[in-house]
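Visitor: Next up, entry-v5.tsv (TSV, C-alpha atoms).
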```tsv
chain	number	residue	atom	x	y	z
Q	1	MET	CA	35.46	-83.43	-103.33
Q	2	GLU	CA	36.18	-80.89	-100.62
Q	3	LYS	CA	33.69	-80.66	-97.75
Q	4	MET	CA	32.54	-77.20	-96.75
Q	5	GLU	CA	30.39	-75.87	-93.89
Q	6	LEU	CA	26.97	-74.63	-94.99
Q	7	SER	CA	27.73	-71.07	-93.82
Q	8	GLU	CA	30.96	-71.06	-95.86
Q	9	ALA	CA	29.14	-72.36	-98.93
Q	10	LEU	CA	26.49	-69.65	-98.62
Q	11	LYS	CA	29.13	-66.94	-98.26
Q	12	ALA	CA	30.96	-68.28	-101.30
Q	13	ASN	CA	27.76	-68.16	-103.37
Q	14	ALA	CA	26.26	-64.99	-101.87
Q	15	SER	CA	26.74	-62.86	-104.97
Q	16	VAL	CA	24.97	-65.46	-107.12
Q	17	LEU	CA	22.11	-65.66	-104.61
Q	18	GLU	CA	21.80	-61.86	-104.47
Q	19	GLU	CA	21.26	-61.80	-108.22
Q	20	LEU	CA	18.62	-64.56	-108.06
Q	21	ILE	CA	16.70	-63.16	-105.08
Q	22	GLY	CA	15.91	-59.54	-105.80
Q	23	VAL	CA	15.21	-56.85	-103.26
Q	24	ALA	CA	11.88	-55.07	-103.76
Q	25	THR	CA	12.09	-51.31	-104.23
Q	26	SER	CA	9.48	-48.82	-105.36
Q	27	GLU	CA	10.82	-49.26	-108.91
Q	28	LYS	CA	11.20	-53.07	-109.15
Q	29	ASP	CA	9.83	-56.31	-107.77
Q	30	GLY	CA	11.85	-58.59	-105.49
Q	31	LEU	CA	10.63	-61.28	-103.10
Q	32	MET	CA	7.50	-59.14	-102.77
Q	33	PRO	CA	5.90	-57.00	-105.48
Q	34	SER	CA	7.41	-53.50	-105.56
Q	35	ILE	CA	4.11	-52.02	-104.38
Q	36	GLN	CA	4.31	-54.03	-101.13
Q	37	ARG	CA	7.08	-52.89	-98.80
Q	38	MET	CA	7.66	-53.57	-95.12
Q	39	THR	CA	9.73	-51.60	-92.61
Q	40	THR	CA	10.29	-52.21	-88.89
Q	41	SER	CA	11.95	-50.01	-86.29
Q	42	TYR	CA	12.43	-49.89	-82.53
Q	43	GLN	CA	10.97	-47.03	-80.48
Q	44	LYS	CA	12.63	-46.43	-77.08
Q	45	ASP	CA	10.94	-43.23	-75.84
Q	46	GLN	CA	7.19	-42.96	-75.29
Q	47	GLN	CA	7.46	-39.15	-75.13
Q	48	LYS	CA	8.71	-39.05	-78.75
Q	49	TYR	CA	7.24	-39.93	-82.16
Q	50	CYS	CA	8.18	-42.13	-85.10
Q	51	LYS	CA	7.89	-40.90	-88.69
Q	52	ILE	CA	6.62	-43.90	-90.67
Q	53	ALA	CA	5.77	-42.64	-94.15
Q	54	GLU	CA	5.94	-39.77	-96.64
Q	55	PHE	CA	3.57	-39.35	-99.60
Q	56	GLU	CA	4.94	-37.45	-102.56
Q	57	ASN	CA	1.80	-35.54	-103.58
Q	58	ASP	CA	-1.90	-34.92	-102.90
Q	59	THR	CA	-3.14	-37.66	-105.24
Q	60	THR	CA	-1.20	-40.53	-103.65
Q	61	GLY	CA	-3.49	-43.16	-102.16
Q	62	ILE	CA	-2.36	-45.60	-99.48
Q	63	SER	CA	-3.38	-48.80	-97.78
Q	64	MET	CA	-0.98	-49.66	-94.95
Q	65	LEU	CA	-0.98	-51.98	-91.95
Q	66	ILE	CA	0.70	-50.58	-88.85
Q	67	SER	CA	1.51	-52.95	-86.00
Q	68	VAL	CA	3.13	-52.08	-82.68
Q	69	PHE	CA	4.36	-54.90	-80.47
Q	70	LYS	CA	6.92	-55.89	-77.83
Q	71	ASN	CA	9.44	-58.61	-78.52
Q	72	HIS	CA	8.91	-60.80	-75.44
Q	73	GLU	CA	5.46	-59.68	-74.38
Q	74	ASN	CA	2.30	-60.23	-76.33
Q	75	SER	CA	-0.27	-58.83	-73.92
Q	76	SER	CA	-1.48	-55.83	-75.88
Q	77	PRO	CA	-0.12	-55.38	-79.42
Q	78	SER	CA	-1.86	-52.86	-81.66
Q	79	VAL	CA	-2.73	-53.40	-85.33
Q	80	VAL	CA	-4.43	-50.68	-87.39
Q	81	LEU	CA	-5.14	-50.02	-91.06
Q	82	LEU	CA	-4.22	-46.59	-92.48
Q	83	THR	CA	-6.11	-45.87	-95.71
Q	84	GLY	CA	-7.05	-42.98	-97.94
Q	85	TYR	CA	-5.40	-40.08	-99.72
Q	86	SER	CA	-3.23	-37.37	-98.22
Q	87	ASP	CA	-6.29	-35.13	-97.81
Q	88	GLY	CA	-8.53	-37.83	-96.35
Q	89	LEU	CA	-6.66	-40.36	-94.23
Q	90	SER	CA	-8.44	-42.69	-91.82
Q	91	VAL	CA	-7.16	-45.19	-89.26
Q	92	ASN	CA	-9.26	-48.24	-88.43
Q	93	SER	CA	-8.43	-50.53	-85.56
Q	94	ILE	CA	-8.03	-54.24	-86.26
Q	95	LYS	CA	-6.71	-54.97	-82.75
Q	96	ARG	CA	-6.68	-51.84	-80.61
Q	97	GLY	CA	-4.19	-52.92	-77.95
Q	98	THR	CA	-2.37	-50.33	-75.85
Q	99	TYR	CA	1.04	-50.01	-77.52
Q	100	LEU	CA	-0.10	-47.57	-80.24
Q	101	THR	CA	-1.23	-44.27	-78.76
Q	102	ASN	CA	-1.91	-41.91	-81.69
Q	103	VAL	CA	-1.45	-41.41	-85.44
Q	104	TYR	CA	-0.77	-37.96	-86.92
Q	105	TYR	CA	-0.10	-36.40	-90.31
Q	106	GLN	CA	1.56	-33.19	-91.38
Q	107	LYS	CA	1.36	-31.36	-94.71
Q	108	LYS	CA	4.75	-29.98	-95.71
Q	109	GLU	CA	5.26	-28.42	-99.13
Q	110	ASN	CA	3.97	-31.08	-101.57
Q	111	LYS	CA	4.32	-33.97	-99.07
Q	112	THR	CA	2.16	-35.60	-96.43
Q	113	ILE	CA	4.15	-37.08	-93.54
Q	114	VAL	CA	2.67	-39.68	-91.15
Q	115	TYR	CA	3.81	-40.06	-87.52
Q	116	VAL	CA	2.84	-42.47	-84.76
Q	117	LYS	CA	3.14	-42.24	-80.99
Q	118	SER	CA	3.59	-45.47	-79.07
Q	119	SER	CA	4.61	-46.96	-75.75
Q	120	ALA	CA	8.32	-47.19	-75.00
Q	121	TYR	CA	10.47	-50.17	-76.01
Q	122	VAL	CA	8.24	-51.40	-78.82
Q	123	TYR	CA	8.70	-52.41	-82.43
Q	124	ILE	CA	6.76	-50.44	-85.02
Q	125	SER	CA	6.17	-52.33	-88.23
Q	126	THR	CA	4.55	-50.96	-91.38
Q	127	LEU	CA	3.43	-52.97	-94.39
Q	128	CYS	CA	2.35	-51.07	-97.47
Q	129	ILE	CA	-0.42	-53.16	-99.01
Q	130	GLY	CA	-1.00	-50.83	-101.90
Q	131	THR	CA	-0.30	-47.36	-103.22
Q	132	ASN	CA	-0.87	-45.51	-106.47
Q	133	GLY	CA	2.07	-43.16	-106.17
Q	134	GLY	CA	5.36	-42.32	-104.56
Q	135	LEU	CA	5.73	-43.45	-100.95
Q	136	ASN	CA	8.73	-43.49	-98.62
Q	137	LEU	CA	8.49	-45.97	-95.73
Q	138	SER	CA	11.81	-45.29	-94.01
Q	139	HIS	CA	11.23	-44.94	-90.27
Q	140	GLU	CA	12.78	-42.18	-88.16
Q	141	ASN	CA	12.43	-42.77	-84.42
Q	142	ASN	CA	12.47	-40.64	-81.28
Q	143	LEU	CA	11.40	-37.40	-82.96
Q	144	ASP	CA	9.45	-34.44	-81.63
Q	145	LEU	CA	6.04	-33.99	-83.24
Q	146	PRO	CA	6.21	-31.03	-85.66
Q	147	SER	CA	3.93	-28.09	-84.95
Q	148	GLY	CA	0.83	-28.20	-87.09
Q	149	ALA	CA	0.61	-32.02	-87.15
Q	150	ILE	CA	-3.00	-33.20	-87.11
Q	151	GLU	CA	-4.23	-36.24	-85.20
Q	152	ILE	CA	-6.06	-38.93	-87.20
Q	153	PRO	CA	-8.70	-40.47	-84.92
Q	154	ILE	CA	-8.45	-44.25	-84.54
Q	155	SER	CA	-11.88	-45.83	-85.00
```
Let me see whether you can do it: turn the structure in this file into structure tokens.
Guide:
Amino acid sequence: MEKMELSEALKANASVLEELIGVATSEKDGLMPSIQRMTTSYQKDQQKYCKIAEFENDTTGISMLISVFKNHENSSPSVVLLTGYSDGLSVNSIKRGTYLTNVYYQKKENKTIVYVKSSAYVYISTLCIGTNGGLNLSHENNLDLPSGAIEIPIS
């Protein structure tokens, strides 16, 4: 029997593993249920904003954890819970910290778009706990805040 390094064995069987371990999307379950999705991004500029989510219509409800943290420093991470519908969003602090500055939303056509402002050089992580409709969690970093965006007070 031929001996093989573990990394080589994994590469050789990667396609089989990919079929066994599914990737969760909004249409199908994977390692997590399809309703639960997590996205993380890196924000370099504290003068800019990060788009974290888009709701497809006015009846989409959301429950999402947002955490903002630094990789090698744990002095003041922020963790908040974003809940509600596109016409009635609220942000409640679990751990206020100082890395998350503000949360905003913007209505655009039939979408609601959520933005956050944070300190520089932080990771922004979002975990969708539940939703009853279409939701896009792809992050876009270092953006300007669109005119007409409305701040959601953090309580």
Visitor: What's the separation between atom CA of Val79 of chain Q and atom CA of Glu56 of chain Q, in Å to one decimal place?
Guide: 24.7 Å
Visitor: Please provide the set of residues having any atom within 7 Å of Ser67 of chain Q, restricted to only C-alpha atoms, with same-chain residues fewer than 6 positions apart removed, written as a PyMOL selection string.
Guide: chain Q and resi 78-80+124-126
Visitor: Measure the distance from atom CA of Lys117 of chain Q to atom CA of Ile94 of chain Q in Å and round it to one decimal.
Guide: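 Atom CA of Ile94 of chain Q lies at a distance of 17.2 Å from atom CA of Lys117 of chain Q.
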Visitor: Can you tell me how far atom CA of Val122 of chain Q sits from atom CA of Leu143 of chain Q, in Å to one decimal?
Guide: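 That distance, rounded to one decimal, is 14.9 Å.
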Visitor: Could the centre and edge lengths of an axis-aligned box, enclosing all atoms of segment 124-130 of chain Q in the file with 6 Å extra on each side, be given in Å to one decimal as JSON?
Guide:
```
{"center_x": 2.9, "center_y": -51.8, "center_z": -93.5, "size_x": 19.8, "size_y": 14.7, "size_z": 28.9}
```
Visitor: Between Q:Asn136, Q:Leu127, Q:Val103, Q:Pro153, which is the closest to Tyr49 of chain Q once you count only C-alpha atoms?
Guide: Q:Val103
Visitor: Find, counting all atoms listed in the file, the residue in Q:Asn92, Q:Thr59, Q:Thr98, Q:Ser138 that gets nearest to Ser75 of chain Q.
Guide: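 Of Q:Asn92, Q:Thr59, Q:Thr98, Q:Ser138, the one nearest Ser75 of chain Q, counting all atoms listed in the file, is Q:Thr98.
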Visitor: Using all atoms listed in the file for the distances, tell me which of Q:Ile66, Q:Ile113, Q:Cys128, Q:Leu137 is nearest to Arg96 of chain Q.
Guide: Q:Ile66
Visitor: Counting only C-alpha atoms, figure out which residue out of Q:Asn110, Q:Val68, Q:Gln46, Q:Thr101 gets nearest to Ser86 of chain Q.
Guide: Q:Asn110
Visitor: Measuring between all atoms listed in the file, which one of Q:Leu145, Q:Ile62, Q:Ala120, Q:Ile150 shows the shortest distance to Tyr85 of chain Q?
Guide: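 Result for the nearest residue to Tyr85 of chain Q: Q:Ile62.
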Visitor: Go through Q:Ser41, Q:Thr112, Q:Asn141, Q:Gln106 one by one, measure the shortest atom-to-atom distance of each to Asn71 of chain Q using all atoms listed in the file, and give the residue with the smallest value.
Guide: Q:Ser41
